[in-house]
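Data file: coords_33.cif. Format and content: mmCIF, C-alpha atoms and all ligand atoms.
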data_my_file
loop_
_atom_site.label_atom_id
_atom_site.label_comp_id
_atom_site.auth_asym_id
_atom_site.auth_seq_id
_atom_site.Cartn_x
_atom_site.Cartn_y
_atom_site.Cartn_z
CA MET A 1 20.87 -18.40 3.73
CA SER A 2 20.63 -15.82 6.51
CA GLY A 3 23.58 -13.78 5.23
CA ASP A 4 22.02 -13.29 1.79
CA ARG A 5 20.80 -9.89 0.73
CA ARG A 6 17.05 -9.65 0.47
CA HIS A 7 15.97 -10.06 -3.15
CA PHE A 8 13.01 -8.06 -4.43
CA GLY A 9 11.07 -8.96 -7.53
CA ALA A 10 11.18 -11.87 -9.95
CA ILE A 11 13.65 -14.71 -9.49
CA PRO A 12 15.52 -15.75 -12.62
CA GLY A 13 14.16 -19.04 -13.92
CA LEU A 14 11.10 -18.97 -11.66
CA ILE A 15 7.89 -19.30 -13.66
CA VAL A 16 4.61 -17.80 -12.47
CA GLY A 17 2.38 -20.75 -11.60
CA ALA A 18 5.23 -22.98 -10.37
CA ILE A 19 4.14 -25.33 -7.57
CA PHE A 20 6.24 -26.30 -4.57
CA ASP A 21 5.54 -29.22 -2.24
CA SER A 22 6.47 -27.51 1.01
CA ARG A 23 7.48 -24.30 2.75
CA ARG A 24 11.00 -25.74 2.94
CA GLN A 25 11.12 -26.02 -0.88
CA LEU A 26 9.76 -22.48 -1.27
CA SER A 27 12.49 -21.30 1.05
CA ALA A 28 15.28 -23.21 -0.69
CA ALA A 29 14.22 -21.77 -4.06
CA GLY A 30 14.40 -18.24 -2.61
CA VAL A 31 10.72 -17.59 -3.35
CA HIS A 32 9.85 -17.06 0.32
CA ARG A 33 12.73 -17.52 2.78
CA PRO A 34 10.98 -17.90 6.17
CA THR A 35 9.59 -21.40 6.70
CA MET A 36 6.94 -20.32 9.24
CA ALA A 37 6.18 -16.58 8.90
CA GLY A 38 3.68 -15.41 6.31
CA ILE A 39 5.56 -12.18 5.62
CA SER A 40 9.20 -12.11 4.54
CA GLY A 41 10.73 -8.76 5.34
CA VAL A 42 12.05 -6.33 7.94
CA PRO A 43 10.90 -2.73 8.54
CA HIS A 44 13.97 -0.88 7.19
CA GLU A 45 14.20 -2.95 3.97
CA GLY A 46 10.56 -3.70 3.15
CA ALA A 47 8.79 -6.99 2.49
CA ASP A 48 9.82 -9.10 -0.52
CA SER A 49 7.26 -11.94 -0.36
CA ILE A 50 4.16 -13.25 1.37
CA VAL A 51 2.50 -16.64 1.65
CA LEU A 52 -1.30 -16.77 1.80
CA SER A 53 -2.33 -19.97 3.46
CA GLY A 54 -5.62 -19.42 5.18
CA GLY A 55 -4.56 -18.07 8.58
CA TYR A 56 -6.77 -14.99 8.83
CA GLU A 57 -10.55 -14.77 8.71
CA ASP A 58 -10.30 -11.15 7.52
CA ASP A 59 -8.37 -11.76 4.28
CA GLU A 60 -10.15 -11.23 0.97
CA ASP A 61 -8.81 -12.77 -2.23
CA LEU A 62 -10.13 -11.30 -5.49
CA GLY A 63 -7.36 -12.75 -7.66
CA ASP A 64 -5.68 -9.63 -9.03
CA VAL A 65 -6.47 -7.79 -5.81
CA ILE A 66 -5.81 -9.17 -2.34
CA ILE A 67 -6.92 -7.51 0.88
CA TYR A 68 -4.30 -8.97 3.18
CA THR A 69 -4.41 -8.81 6.96
CA GLY A 70 -1.10 -8.22 8.70
CA HIS A 71 0.30 -10.63 11.26
CA GLY A 72 0.58 -10.58 15.04
CA GLY A 73 -1.66 -10.68 18.08
CA ASN A 74 -2.58 -14.34 17.57
CA ASP A 75 -3.13 -16.87 20.32
CA PRO A 76 -0.81 -19.72 19.25
CA GLU A 77 -3.25 -22.29 20.66
CA SER A 78 -6.57 -21.25 19.15
CA LYS A 79 -5.08 -19.23 16.23
CA ARG A 80 -7.66 -16.61 17.10
CA GLN A 81 -6.67 -12.98 17.30
CA VAL A 82 -6.47 -11.84 20.91
CA ALA A 83 -4.86 -8.40 20.70
CA ASP A 84 -4.54 -5.36 18.49
CA LEU A 85 -1.96 -5.75 15.75
CA PRO A 86 0.78 -3.13 15.92
CA LEU A 87 2.33 -1.57 12.83
CA THR A 88 5.69 -3.21 13.52
CA ARG A 89 7.83 -6.06 12.13
CA GLY A 90 6.28 -7.69 9.05
CA ASN A 91 3.39 -5.24 9.00
CA LEU A 92 5.76 -2.30 8.97
CA ALA A 93 7.83 -4.04 6.28
CA LEU A 94 4.71 -4.22 4.07
CA ALA A 95 3.99 -0.53 4.75
CA ARG A 96 7.61 0.22 3.76
CA SER A 97 7.12 -1.70 0.50
CA CYS A 98 4.02 0.41 -0.12
CA ALA A 99 5.93 3.65 0.42
CA GLU A 100 8.86 2.50 -1.75
CA GLY A 101 6.79 0.77 -4.45
CA LEU A 102 8.67 -2.51 -3.97
CA PRO A 103 7.38 -5.64 -5.70
CA ILE A 104 6.15 -8.52 -3.55
CA ARG A 105 6.24 -12.18 -4.60
CA VAL A 106 2.88 -13.74 -3.74
CA VAL A 107 2.48 -17.44 -2.96
CA ARG A 108 -0.88 -19.12 -2.39
CA GLY A 109 -1.19 -22.34 -0.41
CA ALA A 110 -3.70 -25.16 -0.97
CA ARG A 111 -5.29 -24.60 2.46
CA LEU A 112 -6.30 -21.06 1.55
CA ASP A 113 -10.01 -20.29 1.71
CA SER A 114 -10.14 -18.80 -1.79
CA PRO A 115 -11.21 -19.76 -5.30
CA TYR A 116 -7.66 -18.90 -6.36
CA ARG A 117 -5.94 -21.49 -4.16
CA PRO A 118 -3.75 -24.08 -5.89
CA PRO A 119 -4.90 -27.73 -5.95
CA VAL A 120 -1.87 -28.88 -3.95
CA GLY A 121 1.17 -27.42 -2.19
CA TYR A 122 2.23 -23.80 -2.67
CA ARG A 123 2.01 -21.89 -5.95
CA TYR A 124 4.04 -18.83 -6.93
CA ASP A 125 1.51 -16.36 -8.36
CA GLY A 126 3.79 -13.57 -9.51
CA LEU A 127 4.43 -10.01 -8.42
CA TYR A 128 2.05 -7.69 -6.61
CA ARG A 129 2.44 -4.21 -5.25
CA VAL A 130 1.08 -2.84 -1.95
CA GLU A 131 -1.25 -0.11 -3.16
CA SER A 132 -2.39 1.12 0.26
CA TYR A 133 -2.61 0.15 3.92
CA TRP A 134 -4.86 1.09 6.79
CA ALA A 135 -6.08 0.01 10.22
CA GLU A 136 -9.57 -1.27 10.91
CA THR A 137 -11.47 -3.32 13.44
CA GLY A 138 -11.39 -6.96 12.35
CA ARG A 139 -14.07 -9.57 12.90
CA SER A 140 -12.47 -10.48 16.22
CA GLY A 141 -13.18 -6.92 17.46
CA HIS A 142 -9.48 -6.04 17.57
CA LEU A 143 -7.55 -3.58 15.46
CA VAL A 144 -5.92 -5.13 12.40
CA TRP A 145 -3.66 -3.68 9.68
CA ARG A 146 -4.79 -4.40 6.18
CA PHE A 147 -2.89 -4.15 2.92
CA ARG A 148 -4.37 -3.82 -0.53
CA LEU A 149 -2.12 -5.81 -2.88
CA VAL A 150 -2.58 -5.34 -6.60
CA ARG A 151 -1.08 -7.58 -9.23
CA ASP A 152 1.59 -5.71 -11.18
CA ASP A 153 0.52 -6.41 -14.73
CA PRO A 154 3.54 -6.63 -17.04
CA VAL A 155 1.27 -6.24 -20.09
CA ALA A 156 -0.03 -2.85 -19.01
CA PRO A 157 2.64 -1.53 -16.65
CA ALA A 158 2.15 1.62 -14.66
CA PRO A 159 4.62 4.42 -15.37
CA PRO A 160 7.92 3.68 -13.60
CA THR A 161 8.94 6.53 -11.34
CA LEU A 162 11.78 5.20 -9.22
CA THR A 163 15.12 3.69 -10.07
CA THR A 164 17.00 2.05 -7.24
CA GLY A 165 20.74 1.75 -6.84
CA GLN A 166 23.57 3.71 -8.45
CA PRO A 167 23.16 5.34 -11.84
CA PRO A 168 24.59 2.98 -14.47
CA GLN A 169 28.16 3.66 -15.65
CA ALA A 170 27.89 2.40 -19.22
CA GLU A 171 31.03 2.07 -21.32
CA PRO A 172 30.80 3.57 -24.77
CA GLY A 173 29.22 1.04 -27.10
CA ALA A 174 28.31 -1.34 -24.27
CA PRO A 175 24.68 -2.39 -23.97
CA ALA A 176 22.77 -0.44 -21.32
CA PRO A 177 22.75 -2.38 -18.04
CA ARG A 178 19.37 -3.59 -16.81
CA GLN A 179 17.93 -1.52 -14.05
CA GLU A 180 15.60 -2.52 -11.28
CA VAL A 181 12.51 -0.40 -11.67
CA THR A 182 9.71 -0.26 -9.15
CA THR A 183 6.39 1.52 -9.25
CA GLN A 184 5.39 3.86 -6.48
CA ARG A 185 1.93 5.14 -5.69
CA LEU A 186 -0.23 5.70 -8.71
CA VAL A 187 -1.72 9.17 -8.88
CA ARG A 188 -5.15 8.90 -10.41
CA SER A 189 -6.81 11.99 -11.75
CA THR A 190 -10.51 12.39 -12.35
CA ARG A 191 -12.60 15.22 -13.76
CA VAL A 192 -13.67 16.03 -10.19
CA ALA A 193 -10.02 16.18 -9.06
CA GLN A 194 -9.29 18.47 -12.00
CA ARG A 195 -12.07 20.82 -10.91
CA VAL A 196 -10.80 20.93 -7.30
CA LYS A 197 -7.28 21.75 -8.52
CA GLU A 198 -8.68 24.60 -10.61
CA LEU A 199 -10.66 25.95 -7.64
CA HIS A 200 -7.42 26.08 -5.66
CA ASP A 201 -5.39 27.43 -8.57
CA HIS A 202 -3.12 24.36 -8.10
CA ARG A 203 -2.08 25.55 -4.64
CA CYS A 204 -1.52 22.84 -1.98
CA GLN A 205 -4.18 23.03 0.74
CA VAL A 206 -1.59 22.03 3.36
CA CYS A 207 1.51 24.10 2.55
CA GLY A 208 0.23 26.65 0.02
CA VAL A 209 2.91 25.77 -2.54
CA ARG A 210 2.04 26.09 -6.24
CA LEU A 211 4.50 24.07 -8.33
CA GLU A 212 5.42 25.65 -11.64
CA THR A 213 6.53 23.27 -14.39
CA ALA A 214 7.32 23.63 -18.08
CA ALA A 215 3.83 22.26 -18.68
CA GLY A 216 2.14 24.74 -16.34
CA PRO A 217 1.18 24.47 -12.66
CA TYR A 218 1.20 20.99 -11.09
CA ALA A 219 -0.89 19.66 -8.20
CA GLU A 220 -2.58 16.38 -7.33
CA GLY A 221 -6.20 15.67 -6.52
CA ALA A 222 -6.19 13.55 -3.34
CA HIS A 223 -9.22 11.48 -2.37
CA VAL A 224 -9.66 11.64 1.41
CA ARG A 225 -11.69 8.44 1.66
CA PRO A 226 -9.92 6.24 -0.93
CA LEU A 227 -11.65 5.16 -4.14
CA GLY A 228 -12.27 1.48 -4.84
CA ARG A 229 -12.68 -1.59 -2.66
CA PRO A 230 -12.93 -1.84 0.25
CA HIS A 231 -13.23 1.89 1.09
CA ASP A 232 -15.49 2.90 -1.81
CA GLY A 233 -14.96 6.62 -1.28
CA PRO A 234 -16.98 8.85 -3.62
CA ASP A 235 -15.39 10.77 -6.49
CA ARG A 236 -16.95 14.05 -5.35
CA GLU A 237 -15.52 17.48 -4.60
CA ASP A 238 -16.33 17.12 -0.88
CA ASN A 239 -13.96 14.11 -0.78
CA VAL A 240 -11.04 15.62 -2.74
CA LEU A 241 -8.14 17.83 -1.66
CA CYS A 242 -5.75 19.78 -3.88
CA LEU A 243 -2.27 18.82 -2.65
CA CYS A 244 1.39 18.97 -3.64
CA PRO A 245 2.97 15.50 -4.16
CA ASN A 246 4.62 15.60 -0.70
CA HIS A 247 1.40 16.23 1.14
CA HIS A 248 -0.53 13.80 -1.07
CA ALA A 249 1.94 11.06 -0.06
CA LEU A 250 1.67 12.03 3.62
CA LEU A 251 -2.13 11.90 3.43
CA ASP A 252 -2.26 8.52 1.62
CA LEU A 253 0.39 6.90 3.82
CA GLY A 254 -1.03 8.17 7.10
CA GLY A 255 1.60 10.79 7.97
CA ILE A 256 -1.09 13.45 8.33
CA THR A 257 -4.75 13.38 9.25
CA ILE A 258 -7.31 16.21 9.38
CA THR A 259 -9.70 16.99 12.22
CA ASP A 260 -13.33 18.07 11.81
CA ASP A 261 -12.32 21.71 12.33
CA LEU A 262 -9.74 21.27 9.53
CA THR A 263 -6.62 21.19 11.69
CA ILE A 264 -3.84 19.23 10.02
CA MET A 265 -2.32 16.74 12.50
CA ASP A 266 1.01 14.94 12.51
CA THR A 267 -0.57 11.50 13.02
CA ALA A 268 2.21 9.72 14.91
CA ALA A 269 3.24 12.66 17.10
CA GLY A 270 -0.31 13.90 17.66
CA ILE A 271 0.82 17.50 17.05
CA PRO A 272 -1.21 20.08 15.08
CA LEU A 273 0.66 21.34 12.02
CA GLY A 274 -1.71 24.12 10.94
CA GLN A 275 -5.06 24.75 9.30
CA LEU A 276 -6.19 23.34 5.98
CA ARG A 277 -6.51 26.10 3.36
CA LEU A 278 -9.94 26.58 1.88
CA VAL A 279 -11.35 28.56 -1.02
CA PRO A 280 -14.95 29.67 -1.59
CA GLY A 281 -16.99 27.01 -3.36
CA HIS A 282 -15.06 24.00 -1.99
CA ARG A 283 -16.36 22.36 1.14
CA LEU A 284 -15.34 19.01 2.61
CA ASP A 285 -17.55 16.36 4.12
CA PRO A 286 -16.37 15.79 7.73
CA ALA A 287 -17.50 12.16 7.47
CA HIS A 288 -14.74 11.53 4.90
CA LEU A 289 -12.14 13.22 7.13
CA ALA A 290 -13.29 11.00 10.02
CA TYR A 291 -13.07 7.90 7.80
CA HIS A 292 -9.50 8.81 6.83
CA ARG A 293 -8.53 9.38 10.49
CA GLY A 294 -9.95 5.93 11.27
CA LEU A 295 -7.63 4.37 8.66
CA PHE A 296 -4.58 5.44 10.64
CA SER A 297 -5.92 5.41 14.17
CA GLY A 298 -3.47 2.61 15.03
CA THR A 299 -0.39 4.63 14.06
CA LYS A 300 0.03 6.23 17.46
CA ALA A 301 2.30 4.32 19.83
ZN ZN A 401 1.99 20.76 0.19
#
Encoding of this model in structure tokens:
Amino acid sequence: MSGDRRHFGAIPGLIVGAIFDSRRQLSAAGVHRPTMAGISGVPHEGADSIVLSGGYEDDEDLGDVIIYTGHGGNDPESKRQVADLPLTRGNLALARSCAEGLPIRVVRGARLDSPYRPPVGYRYDGLYRVESYWAETGRSGHLVWRFRLVRDDPVAPAPPTLTTGQPPQAEPGAPAPRQEVTTQRLVRSTRVAQRVKELHDHRCQVCGVRLETAAGPYAEGAHVRPLGRPHDGPDREDNVLCLCPNHHALLDLGGITITDDLTIMDTAAGIPLGQLRLVPGHRLDPAHLAYHRGLFSGTKA
């Protein structure tokens, strides 16, 4: 099987809820190829599936939302974490899937410490997306990478924004070929974000660009400390930046962080990129900037 191309998304004929006796069966069916590793994927391609089977004390399973702890740093004897987890290998593959909006097949095992575990064996629970990732100190006291996986609901799909592969070459009269569509980061807007964008006249606080579209100026309201579990950032003006889509992506994915004196830093290189632009009437809470820096503190080599 090793020569096969990695397959992302649903597998034809595979029903959500299907139960498999063993990791070997899961592998043979193409649901999750590795028979030992919890993450299937490599950094340059992304991750296509994970198996949740109770390895990590830091995982949180809420059904439609999973806070998943990346692999690595484990003592093979005690199974306890003994070192910081780097953003490499499977962890980096999951981060890649987040950036590219790739779907992840999720399998739960019967040994999982969760109300959503199957009664026996391993159950295929459908497709999830990696909504965000960040570093934090786990219960063992070491740095761990965590991934917020959200079930991709086919009944209420998010707007598709990316088409992979070549544009279809349809023959006249032929039915349109099916395309693989993935969903990238959702951009949520709130009334508060709207207000911040107006204060900045839709000008990016990092690069100063104001995008003009047929529908008027376009910018995105970016929450510094993310909304929702487990970060629970507030939807307040002192936690929102007005950014262009490029700089919003860099902020959310940890490419840039902001110091207390509002210097924009290239996170991985540790180089200052400039000062954040401010306007009268919009101040930021340094505690939220510090929280955001903490999310990507493990990015540096
Ligand atoms: Zn910008």
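Going from atom CA of Ala95 of chain A to atom CA of Ala47 of chain A covers 8.4 Å.
The protein and nucleic acid residues lying at most 12 Å from Pro230 of chain A are Asp59, Glu60, Asp61, Leu62, Val65, Ile66, Ile67, Tyr68, Ser132, Tyr133, Trp134, Glu136, Arg146, Phe147, Arg148, Leu149 and Leu295 of chain A, with all atoms listed in the file considered and sequence neighbours fewer than 6 positions away removed.
The gap separating atom CA of Thr88 of chain A from atom CA of Ile39 of chain A is 12.0 Å, in Å to one decimal.
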How would you report the residues lying within 9 Å of ligand ZN 401 (chain A), as an mmCIF file with C-alpha atoms, keeping the file's coordinate frame, if you count only C-alpha atoms and all ligand atoms?
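Wrote it out as part_25.cif, contents follow:
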data_model
loop_
_atom_site.group_PDB
_atom_site.id
_atom_site.type_symbol
_atom_site.label_atom_id
_atom_site.label_comp_id
_atom_site.auth_asym_id
_atom_site.auth_seq_id
_atom_site.Cartn_x
_atom_site.Cartn_y
_atom_site.Cartn_z
ATOM 1 C CA ARG A 203 -2.080 25.550 -4.640
ATOM 2 C CA CYS A 204 -1.520 22.840 -1.980
ATOM 3 C CA GLN A 205 -4.180 23.030 0.740
ATOM 4 C CA VAL A 206 -1.590 22.030 3.360
ATOM 5 C CA CYS A 207 1.510 24.100 2.550
ATOM 6 C CA GLY A 208 0.230 26.650 0.020
ATOM 7 C CA VAL A 209 2.910 25.770 -2.540
ATOM 8 C CA ARG A 210 2.040 26.090 -6.240
ATOM 9 C CA ALA A 219 -0.890 19.660 -8.200
ATOM 10 C CA CYS A 242 -5.750 19.780 -3.880
ATOM 11 C CA LEU A 243 -2.270 18.820 -2.650
ATOM 12 C CA CYS A 244 1.390 18.970 -3.640
ATOM 13 C CA PRO A 245 2.970 15.500 -4.160
ATOM 14 C CA ASN A 246 4.620 15.600 -0.700
ATOM 15 C CA HIS A 247 1.400 16.230 1.140
ATOM 16 C CA HIS A 248 -0.530 13.800 -1.070
#
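For the set A:Arg117, A:Arg293, A:Arg191, A:Arg236, the residue with the smallest atom-to-atom gap to Val51 of chain A is A:Arg117, counting only C-alpha atoms.
With only C-alpha atoms taken into account, the protein and nucleic acid residues at most 10 Å from Ala110 of chain A (excluding it and anything under 2 positions from it in its own chain) are A:Leu52, A:Ser53, A:Gly54, A:Arg108, A:Leu112, A:Asp113, A:Ser114, A:Tyr116, A:Arg117, A:Pro118, A:Pro119, A:Val120, A:Gly121, A:Tyr122, A:Arg123.
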